[in-house]
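Everything below belongs to my_file20.txt, which stores compact mmCIF, C-alpha atoms.
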```txt
# COMPACT_ATOMS: atom_id res chain seq x y z
CA MET A 1 -183.60 -4.67 -183.20
CA GLU A 2 -180.53 -2.96 -181.79
CA ASN A 3 -178.34 -5.02 -179.44
CA GLY A 4 -180.42 -8.12 -180.12
CA GLU A 5 -183.54 -6.67 -178.52
CA ILE A 6 -186.82 -8.47 -179.27
CA PRO A 7 -189.07 -6.03 -181.17
CA GLU A 8 -192.33 -5.02 -179.48
CA ASN A 9 -194.37 -6.13 -182.50
CA ALA A 10 -192.82 -9.62 -182.51
CA ASN A 11 -194.93 -12.76 -182.22
CA GLU A 12 -195.42 -14.39 -178.84
CA HIS A 13 -192.68 -16.96 -178.03
CA CYS A 14 -190.22 -15.09 -180.28
CA PRO A 15 -186.86 -16.92 -180.12
CA GLY A 16 -185.01 -13.60 -180.36
CA PRO A 17 -183.21 -12.07 -183.35
CA GLN A 18 -179.84 -13.50 -182.21
CA SER A 19 -181.14 -17.06 -182.08
CA GLU A 20 -180.05 -19.53 -184.77
CA SER A 21 -183.76 -20.25 -185.32
CA ALA A 22 -184.64 -16.54 -185.74
CA GLY A 23 -187.01 -16.11 -188.67
CA LYS A 24 -187.13 -19.88 -189.22
CA SER A 25 -189.06 -21.37 -186.27
CA ASP A 26 -192.81 -22.05 -186.26
CA SER A 27 -193.37 -19.13 -183.87
CA CYS A 28 -191.93 -16.76 -186.51
CA GLU A 29 -194.67 -17.47 -189.06
CA GLY A 30 -196.53 -14.26 -189.96
CA CYS A 31 -194.24 -11.99 -187.90
CA PRO A 32 -193.52 -8.65 -189.64
CA ASN A 33 -189.84 -9.06 -188.68
CA GLN A 34 -189.43 -12.60 -190.03
CA GLU A 35 -187.34 -11.75 -193.09
CA ALA A 36 -185.13 -9.26 -191.21
CA CYS A 37 -184.44 -11.80 -188.47
CA ALA A 38 -183.71 -14.62 -190.90
CA THR A 39 -181.08 -12.57 -192.76
CA ALA A 40 -179.61 -10.59 -189.86
CA PRO A 41 -176.09 -11.50 -188.66
CA LYS A 42 -176.10 -13.63 -185.53
CA GLY A 43 -173.89 -13.17 -182.51
CA PRO A 44 -173.83 -12.96 -178.70
CA ASP A 45 -176.23 -10.52 -177.05
CA PRO A 46 -174.13 -7.63 -175.68
CA ASP A 47 -176.75 -7.08 -172.95
CA LEU A 48 -175.74 -10.41 -171.41
CA VAL A 49 -172.32 -8.93 -170.70
CA ALA A 50 -173.97 -5.99 -168.91
CA ILE A 51 -176.15 -8.41 -166.90
CA ALA A 52 -173.10 -10.48 -165.94
CA GLU A 53 -171.38 -7.32 -164.69
CA ARG A 54 -174.41 -6.36 -162.58
CA MET A 55 -174.77 -9.87 -161.15
CA ALA A 56 -171.08 -10.06 -160.24
CA THR A 57 -171.95 -8.37 -156.92
CA VAL A 58 -174.75 -10.86 -156.11
CA LYS A 59 -173.59 -13.98 -154.24
CA HIS A 60 -176.71 -16.14 -154.56
CA LYS A 61 -179.70 -16.08 -156.90
CA ILE A 62 -182.87 -17.99 -155.95
CA LEU A 63 -185.96 -18.35 -158.14
CA ILE A 64 -189.34 -18.77 -156.42
CA LEU A 65 -191.69 -20.70 -158.71
CA SER A 66 -195.14 -22.26 -158.66
CA GLY A 67 -197.16 -24.36 -161.06
CA LYS A 68 -200.38 -22.49 -160.32
CA GLY A 69 -201.31 -19.02 -159.17
CA GLY A 70 -202.81 -18.42 -155.74
CA VAL A 71 -200.69 -20.97 -153.85
CA GLY A 72 -198.81 -18.36 -151.79
CA LYS A 73 -195.63 -18.05 -153.86
CA SER A 74 -195.32 -14.28 -153.43
CA THR A 75 -196.12 -14.56 -149.72
CA PHE A 76 -193.28 -17.05 -149.39
CA SER A 77 -190.93 -14.83 -151.43
CA ALA A 78 -191.73 -11.85 -149.19
CA GLN A 79 -191.34 -13.74 -145.91
CA LEU A 80 -188.12 -15.44 -147.09
CA SER A 81 -186.71 -12.00 -147.87
CA PHE A 82 -187.81 -10.60 -144.51
CA ALA A 83 -186.22 -13.58 -142.72
CA LEU A 84 -182.89 -13.37 -144.55
CA ALA A 85 -182.69 -9.62 -143.92
CA ALA A 86 -183.45 -10.18 -140.22
CA MET A 87 -180.37 -12.47 -140.13
CA ASP A 88 -178.32 -9.47 -141.33
CA PHE A 89 -177.86 -10.75 -144.87
CA GLN A 90 -177.96 -8.15 -147.64
CA VAL A 91 -181.08 -9.04 -149.66
CA GLY A 92 -182.68 -8.01 -152.95
CA LEU A 93 -186.20 -9.06 -153.97
CA LEU A 94 -186.94 -8.88 -157.71
CA ASP A 95 -190.59 -9.19 -158.76
CA ILE A 96 -190.84 -10.41 -162.39
CA ASP A 97 -194.54 -11.23 -162.20
CA ILE A 98 -195.20 -8.51 -164.77
CA CYS A 99 -198.98 -8.92 -165.01
CA GLY A 100 -199.67 -9.51 -161.31
CA PRO A 101 -197.07 -7.69 -159.19
CA SER A 102 -198.08 -8.20 -155.55
CA ILE A 103 -194.65 -7.76 -153.94
CA PRO A 104 -194.97 -3.97 -153.34
CA LYS A 105 -198.15 -4.63 -151.30
CA MET A 106 -196.60 -7.52 -149.36
CA LEU A 107 -193.53 -5.47 -148.44
CA GLY A 108 -195.53 -2.39 -147.42
CA LEU A 109 -194.17 -0.35 -150.33
CA GLU A 110 -197.30 0.62 -152.27
CA GLY A 111 -197.10 4.07 -153.81
CA GLN A 112 -193.29 4.13 -153.91
CA ASP A 113 -191.39 5.21 -157.02
CA ILE A 114 -188.19 4.03 -158.68
CA HIS A 115 -185.30 6.50 -158.63
CA GLN A 116 -182.35 6.67 -160.98
CA SER A 117 -178.76 7.57 -160.24
CA ASN A 118 -175.55 7.49 -162.23
CA LEU A 119 -175.24 3.83 -161.11
CA GLY A 120 -178.64 2.82 -162.54
CA TRP A 121 -182.11 2.20 -161.15
CA SER A 122 -182.21 2.18 -157.36
CA PRO A 123 -184.29 -0.47 -155.59
CA VAL A 124 -186.96 0.67 -153.14
CA TYR A 125 -185.76 -0.18 -149.63
CA VAL A 126 -187.79 -1.68 -146.78
CA GLU A 127 -184.71 -1.69 -144.56
CA SER A 128 -181.14 -0.72 -145.33
CA ASN A 129 -180.41 -4.38 -146.16
CA LEU A 130 -183.64 -5.26 -148.00
CA GLY A 131 -184.22 -3.71 -151.44
CA VAL A 132 -187.13 -4.39 -153.80
CA MET A 133 -187.72 -3.92 -157.53
CA SER A 134 -191.08 -4.45 -159.25
CA ILE A 135 -193.08 -3.17 -162.22
CA GLY A 136 -195.65 -2.30 -159.52
CA PHE A 137 -193.54 0.80 -158.77
CA MET A 138 -193.84 1.92 -162.40
CA LEU A 139 -197.63 1.81 -162.80
CA PRO A 140 -199.59 5.08 -162.59
CA ASN A 141 -202.06 3.37 -160.24
CA SER A 142 -202.40 -0.09 -158.73
CA ASP A 143 -205.52 -0.87 -160.79
CA GLU A 144 -203.66 -0.40 -164.08
CA ALA A 145 -203.60 -3.61 -166.17
CA VAL A 146 -200.35 -4.65 -167.82
CA ILE A 147 -201.41 -5.99 -171.22
CA TRP A 148 -198.10 -6.96 -172.79
CA ARG A 149 -197.01 -9.70 -175.15
CA GLY A 150 -194.04 -11.91 -174.32
CA PRO A 151 -191.31 -9.86 -176.05
CA ARG A 152 -192.12 -6.70 -174.11
CA LYS A 153 -192.22 -8.59 -170.81
CA ASN A 154 -188.86 -10.14 -171.61
CA GLY A 155 -187.46 -6.70 -172.44
CA LEU A 156 -188.42 -5.37 -169.01
CA ILE A 157 -186.92 -8.39 -167.23
CA LYS A 158 -183.68 -7.83 -169.11
CA GLN A 159 -183.76 -4.13 -168.17
CA PHE A 160 -184.29 -4.99 -164.50
CA LEU A 161 -181.27 -7.31 -164.58
CA LYS A 162 -178.89 -4.96 -166.38
CA ASP A 163 -180.02 -1.57 -165.04
CA VAL A 164 -180.90 -2.12 -161.35
CA TYR A 165 -177.99 -1.37 -159.04
CA TRP A 166 -178.21 -3.75 -156.06
CA GLY A 167 -174.70 -3.19 -154.81
CA GLU A 168 -172.99 -5.99 -152.87
CA ILE A 169 -175.76 -8.38 -151.76
CA ASP A 170 -175.87 -11.93 -150.42
CA PHE A 171 -179.20 -13.01 -151.93
CA LEU A 172 -181.32 -12.01 -154.90
CA VAL A 173 -184.76 -13.59 -154.47
CA VAL A 174 -186.68 -13.63 -157.78
CA ASP A 175 -190.47 -13.90 -157.51
CA ALA A 176 -191.59 -15.35 -160.85
CA PRO A 177 -195.13 -15.63 -162.25
CA PRO A 178 -196.85 -19.03 -162.06
CA GLY A 179 -196.29 -21.62 -164.79
CA THR A 180 -193.46 -22.11 -167.28
CA SER A 181 -193.87 -19.24 -169.74
CA ASP A 182 -191.67 -16.70 -171.53
CA GLU A 183 -190.67 -14.95 -168.31
CA HIS A 184 -189.19 -18.16 -166.91
CA ILE A 185 -187.25 -18.94 -170.06
CA SER A 186 -185.94 -15.36 -170.14
CA ILE A 187 -184.79 -15.18 -166.51
CA VAL A 188 -182.94 -18.48 -166.87
CA GLN A 189 -181.39 -17.45 -170.19
CA PHE A 190 -180.32 -14.02 -168.92
CA LEU A 191 -178.82 -15.37 -165.67
CA GLN A 192 -177.34 -18.60 -167.02
CA ALA A 193 -173.83 -17.21 -167.48
CA THR A 194 -173.77 -15.81 -163.93
CA GLY A 195 -175.15 -18.96 -162.30
CA ILE A 196 -178.49 -19.58 -160.59
CA ASP A 197 -178.24 -21.34 -157.23
CA GLY A 198 -181.62 -22.95 -157.78
CA ALA A 199 -185.38 -22.75 -157.49
CA ILE A 200 -187.84 -23.18 -154.64
CA ILE A 201 -191.23 -24.40 -155.81
CA VAL A 202 -194.36 -23.54 -153.80
CA THR A 203 -197.50 -25.66 -153.98
CA THR A 204 -200.66 -26.57 -152.09
CA PRO A 205 -201.33 -30.21 -151.08
CA GLN A 206 -204.01 -31.25 -153.56
CA GLN A 207 -203.42 -33.07 -156.84
CA VAL A 208 -204.80 -30.25 -159.01
CA SER A 209 -201.83 -28.13 -157.86
CA LEU A 210 -199.24 -30.94 -157.78
CA ILE A 211 -199.95 -31.87 -161.41
CA ASP A 212 -198.59 -28.48 -162.47
CA VAL A 213 -195.75 -28.57 -159.96
CA ARG A 214 -194.49 -31.73 -161.68
CA LYS A 215 -194.29 -29.69 -164.87
CA GLU A 216 -192.35 -27.00 -162.99
CA VAL A 217 -189.84 -29.59 -161.72
CA SER A 218 -189.52 -30.94 -165.27
CA PHE A 219 -188.90 -27.39 -166.57
CA CYS A 220 -186.09 -26.86 -164.03
CA LYS A 221 -184.43 -30.13 -164.99
CA LYS A 222 -184.63 -29.31 -168.71
CA VAL A 223 -183.06 -25.86 -168.35
CA GLY A 224 -180.46 -26.97 -165.80
CA VAL A 225 -181.76 -25.10 -162.74
CA PRO A 226 -181.33 -27.12 -159.51
CA VAL A 227 -184.50 -27.60 -157.44
CA LEU A 228 -183.53 -26.46 -153.95
CA GLY A 229 -186.79 -27.87 -152.61
CA VAL A 230 -190.57 -27.84 -152.59
CA VAL A 231 -192.69 -26.05 -149.98
CA GLU A 232 -196.22 -27.28 -149.27
CA ASN A 233 -198.15 -24.14 -148.40
CA MET A 234 -201.69 -23.96 -146.94
CA SER A 235 -201.06 -27.38 -145.43
CA GLY A 236 -204.11 -27.51 -143.17
CA LEU A 237 -205.76 -24.62 -141.33
CA CYS A 238 -204.26 -23.79 -137.94
CA GLN A 239 -205.85 -21.10 -135.78
CA ALA A 240 -206.33 -20.33 -132.10
CA LEU A 241 -209.66 -21.80 -130.95
CA SER A 242 -210.61 -18.44 -129.50
CA ASP A 243 -210.29 -16.86 -132.99
CA PHE A 244 -212.98 -19.09 -134.52
CA ARG A 245 -216.57 -18.06 -135.04
CA PHE A 246 -219.13 -20.61 -133.88
CA MET A 247 -222.42 -20.96 -135.72
CA THR A 248 -225.60 -22.96 -135.20
CA ALA A 249 -228.26 -23.82 -137.79
CA ILE A 250 -231.74 -22.45 -137.13
CA GLU A 251 -235.09 -23.65 -138.49
CA THR A 252 -235.02 -21.37 -141.55
CA GLY A 253 -231.82 -23.06 -142.68
CA GLU A 254 -229.75 -19.96 -141.95
CA GLN A 255 -226.88 -19.82 -139.47
CA GLN A 256 -226.86 -17.94 -136.19
CA ASP A 257 -223.66 -16.67 -134.63
CA VAL A 258 -223.21 -18.11 -131.11
CA THR A 259 -219.52 -17.28 -130.75
CA GLU A 260 -219.91 -15.03 -127.72
CA LYS A 261 -221.95 -17.66 -125.87
CA VAL A 262 -219.45 -20.47 -126.68
CA ILE A 263 -216.40 -18.42 -125.66
CA GLU A 264 -218.08 -17.40 -122.41
CA HIS A 265 -218.97 -21.05 -121.70
CA MET A 266 -215.36 -22.15 -122.28
CA ARG A 267 -214.08 -19.31 -120.11
CA GLU A 268 -216.28 -20.48 -117.24
CA LYS A 269 -216.11 -24.28 -117.62
CA ALA A 270 -212.80 -25.01 -119.39
CA PRO A 271 -210.57 -21.91 -119.61
CA GLU A 272 -207.60 -24.02 -120.71
CA MET A 273 -209.38 -24.58 -124.05
CA LEU A 274 -208.95 -20.92 -124.97
CA ASP A 275 -205.19 -21.56 -125.33
CA LEU A 276 -205.65 -24.45 -127.78
CA ILE A 277 -204.76 -24.30 -131.48
CA ALA A 278 -207.36 -25.96 -133.71
CA CYS A 279 -206.18 -27.58 -136.96
CA CYS A 280 -208.03 -29.18 -139.86
CA GLU A 281 -207.33 -30.18 -143.46
CA VAL A 282 -208.61 -27.77 -146.09
CA PHE A 283 -207.39 -29.46 -149.27
CA ASP A 284 -207.62 -33.12 -150.24
CA ARG A 285 -204.31 -34.86 -149.44
CA SER A 286 -205.35 -38.38 -150.41
CA GLY A 287 -202.64 -38.30 -153.10
CA GLY A 288 -199.91 -37.97 -150.47
CA GLY A 289 -199.27 -34.24 -150.88
CA ALA A 290 -196.00 -32.59 -151.86
CA ALA A 291 -193.86 -34.92 -149.74
CA LYS A 292 -194.86 -37.97 -151.80
CA MET A 293 -194.39 -36.09 -155.07
CA CYS A 294 -190.86 -35.08 -154.02
CA VAL A 295 -189.93 -38.71 -153.39
CA GLU A 296 -191.30 -39.72 -156.79
CA MET A 297 -189.49 -36.90 -158.62
CA ALA A 298 -186.28 -37.11 -156.56
CA VAL A 299 -186.29 -33.50 -155.36
CA PRO A 300 -185.93 -32.19 -151.77
CA PHE A 301 -189.02 -31.54 -149.64
CA LEU A 302 -188.44 -28.47 -147.47
CA GLY A 303 -191.58 -28.66 -145.31
CA LYS A 304 -195.17 -27.58 -144.75
CA VAL A 305 -196.65 -24.19 -143.87
CA PRO A 306 -200.20 -24.14 -142.44
CA LEU A 307 -202.94 -21.85 -143.72
CA ASP A 308 -202.79 -19.16 -141.05
CA PRO A 309 -205.14 -16.15 -141.10
CA GLN A 310 -202.52 -14.16 -139.19
CA LEU A 311 -199.93 -14.81 -141.92
CA CYS A 312 -202.47 -13.64 -144.51
CA LYS A 313 -202.99 -10.49 -142.43
CA ALA A 314 -199.23 -9.87 -142.21
CA ALA A 315 -199.00 -10.11 -146.02
CA GLU A 316 -201.93 -7.72 -146.44
CA GLU A 317 -200.28 -5.24 -144.07
CA GLY A 318 -196.85 -5.58 -145.71
CA ARG A 319 -194.96 -6.76 -142.64
CA SER A 320 -192.81 -9.65 -141.52
CA CYS A 321 -194.58 -12.57 -139.84
CA PHE A 322 -191.48 -12.99 -137.65
CA ALA A 323 -191.75 -9.53 -136.05
CA ASP A 324 -194.19 -10.63 -133.33
CA LYS A 325 -195.85 -13.80 -132.02
CA LYS A 326 -199.17 -13.37 -133.83
CA CYS A 327 -198.25 -15.83 -136.62
CA GLY A 328 -197.28 -18.62 -134.19
CA GLY A 329 -197.72 -21.78 -136.29
CA SER A 330 -196.89 -20.39 -139.71
CA ALA A 331 -193.87 -18.36 -138.54
CA SER A 332 -192.27 -21.37 -136.83
CA ALA A 333 -192.91 -23.54 -139.92
CA LEU A 334 -191.37 -20.90 -142.23
CA LYS A 335 -188.41 -20.46 -139.91
CA SER A 336 -187.76 -24.22 -139.93
CA ILE A 337 -187.91 -24.30 -143.76
CA ILE A 338 -185.54 -21.34 -144.12
CA GLU A 339 -183.06 -22.80 -141.62
CA LYS A 340 -183.14 -26.10 -143.51
CA LEU A 341 -182.50 -24.24 -146.76
CA LEU A 342 -179.52 -22.38 -145.29
CA GLU A 343 -178.11 -25.51 -143.64
CA THR A 344 -178.47 -27.78 -146.67
CA ASN A 345 -176.79 -25.29 -149.01
CA LYS A 346 -174.14 -24.31 -146.45
CA TRP A 347 -175.30 -20.69 -146.59
CA LYS A 348 -175.54 -20.58 -142.82
CA GLN A 349 -171.74 -20.41 -142.71
CA GLU A 350 -172.00 -17.10 -144.54
CA LEU A 351 -174.00 -15.41 -141.78
CA PRO A 352 -172.35 -12.05 -141.03
CA MET A 353 -171.67 -13.11 -137.41
CA ASN A 354 -169.66 -16.09 -138.74
CA GLU A 355 -167.51 -14.09 -141.10
```

Using structure tokens, write down the structure that the file contains.
Amino acid sequence: MENGEIPENANEHCPGPQSESAGKSDSCEGCPNQEACATAPKGPDPDLVAIAERMATVKHKILILSGKGGVGKSTFSAQLSFALAAMDFQVGLLDIDICGPSIPKMLGLEGQDIHQSNLGWSPVYVESNLGVMSIGFMLPNSDEAVIWRGPRKNGLIKQFLKDVYWGEIDFLVVDAPPGTSDEHISIVQFLQATGIDGAIIVTTPQQVSLIDVRKEVSFCKKVGVPVLGVVENMSGLCQALSDFRFMTAIETGEQQDVTEKVIEHMREKAPEMLDLIACCEVFDRSGGGAAKMCVEMAVPFLGKVPLDPQLCKAAEEGRSCFADKKCGGSASALKSIIEKLLETNKWKQELPMNE
């Protein structure tokens, strides 16, 4: 338990050996370290000083959170990072989703390794102004499962914060796992002294997702992290009409693909239809969606991003959705949200061209 480190064999939800409740809380019952923790001298964690020194060169720290998995949180984190870097900001993207690290894939960095220098761990760079750190770079293969208890996860998060050398950067975007678990408590605790600008919460429109987002908002308020805003992702499906497949039911009950015939008919009879964008709701929004929830919980609503197959493809290929015009609807929605974020927080004034 040197330097206040949480032992690997500690119980889940360990308060930490430096905590006043160490060895005394309910979560300590049955832990092999209970007696040692209860009698050990308490004091500040020296690693927090090292973290504060590392974070001194980071202007803004943004947490990306979600109540549930699968709502597009990591996609948003990746595209936010791409967008900020494209504006010539210096950006770092830290993936603390220890058990499900998808950031290397979404940034096109699969198979890359972490390198060390006399300054610490070096991020893996997409561009000269966009660096990434993830446990995904440390796994022997991408299929390897990370089966760790809370204390070991927290230890790696602490190591990322104190050992990764980002240099002078404008934004550190932190992609957190879904929910409000040990990782979230740790990242807030470790960064508290250096200041967290706030959290962006990503959700889908239906109530089953919003129920957990309310818990995420409550978590932020309890730990003192400002909610910068909520993003409603997968807000309806938007796709070029010409990209749809058209099916017809046949007598056997199966479906027959008639796409070629339909497209040819439109090309001959109504060619202007081929330029249309078709939109429809995918999730139930009868509860009012994220916008209504934001009003009820008094937090900002940043906007909606449609479910766009082209955005999904960009994430799969590890590229920015802003690089070309393929992601029309989703790219413009994301751009609007990011501009609103910069404007509201007066970060736009920090654009390199304005300095």

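Pairwise distance (atom CA of A:Cys14, atom CA of A:Gly69) equals 24.2 Å.
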
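Note that atom CA of A:Gly70 and atom CA of A:Met247 are 28.1 Å apart.
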
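Atom CA of A:Leu210 lies 26.8 Å from atom CA of A:Lys153.
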
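Across A:Met87, A:Leu161, A:Cys327, A:Gly72, the tightest approach to A:Lys348 is made by A:Met87 when counting all atoms listed in the file.
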
Across A:Leu84, A:Thr252, A:Ser128, A:Ile200, the smallest distance to A:Glu339, with all atoms listed in the file counted, is shown by A:Leu84

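Counting all atoms listed in the file and comparing A:Ile277, A:Ala50, A:Ala331, A:Ala290, the residue that lies closest to A:Gln206 is A:Ala290.
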
Checklist entry - Leaving out A:Ile103 and any residue of its chain fewer than 5 positions from it, which residues lie within 7 Å of it when counting all atoms listed in the file, given as a list in words? => result Ser74, Ala78 and Asp95 of chain A

Where's the centre, and what are the edge lengths in Å to one decimal, of a box along x, y and z enclosing all listed atoms of stretch 29-33 of chain A padded 8 Å per side, as JSON?
```
{"center_x": -193.2, "center_y": -13.1, "center_z": -188.9, "size_x": 22.7, "size_y": 24.8, "size_z": 18.1}
```

Across A:Ile337, A:Val132, A:Ile211, A:Cys99, the smallest distance to A:Gly150, with all atoms listed in the file counted, is shown by A:Cys99

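When all atoms listed in the file are used to compute distances to A:Ala36, the closest of the residues A:Ile51, A:Val71, A:Ala10, A:Val146 turns out to be A:Ala10.
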
Residues around (-193.7, -22.8, -156.8), cut-off 8 Å, counting only C-alpha atoms - what are they as a PDB file with C-alpha atoms, in the frame of the given file?
```pdb
ATOM      1  CA  ILE A  64    -189.340 -18.770-156.420  1.00  0.00           C
ATOM      2  CA  LEU A  65    -191.690 -20.700-158.710  1.00  0.00           C
ATOM      3  CA  SER A  66    -195.140 -22.260-158.660  1.00  0.00           C
ATOM      4  CA  GLY A  67    -197.160 -24.360-161.060  1.00  0.00           C
ATOM      5  CA  LYS A  68    -200.380 -22.490-160.320  1.00  0.00           C
ATOM      6  CA  VAL A  71    -200.690 -20.970-153.850  1.00  0.00           C
ATOM      7  CA  LYS A  73    -195.630 -18.050-153.860  1.00  0.00           C
ATOM      8  CA  PRO A 178    -196.850 -19.030-162.060  1.00  0.00           C
ATOM      9  CA  ILE A 200    -187.840 -23.180-154.640  1.00  0.00           C
ATOM     10  CA  ILE A 201    -191.230 -24.400-155.810  1.00  0.00           C
ATOM     11  CA  VAL A 202    -194.360 -23.540-153.800  1.00  0.00           C
ATOM     12  CA  THR A 203    -197.500 -25.660-153.980  1.00  0.00           C
ATOM     13  CA  VAL A 213    -195.750 -28.570-159.960  1.00  0.00           C
ATOM     14  CA  GLU A 216    -192.350 -27.000-162.990  1.00  0.00           C
ATOM     15  CA  VAL A 230    -190.570 -27.840-152.590  1.00  0.00           C
ATOM     16  CA  VAL A 231    -192.690 -26.050-149.980  1.00  0.00           C
TER      17      VAL A 231
END
```
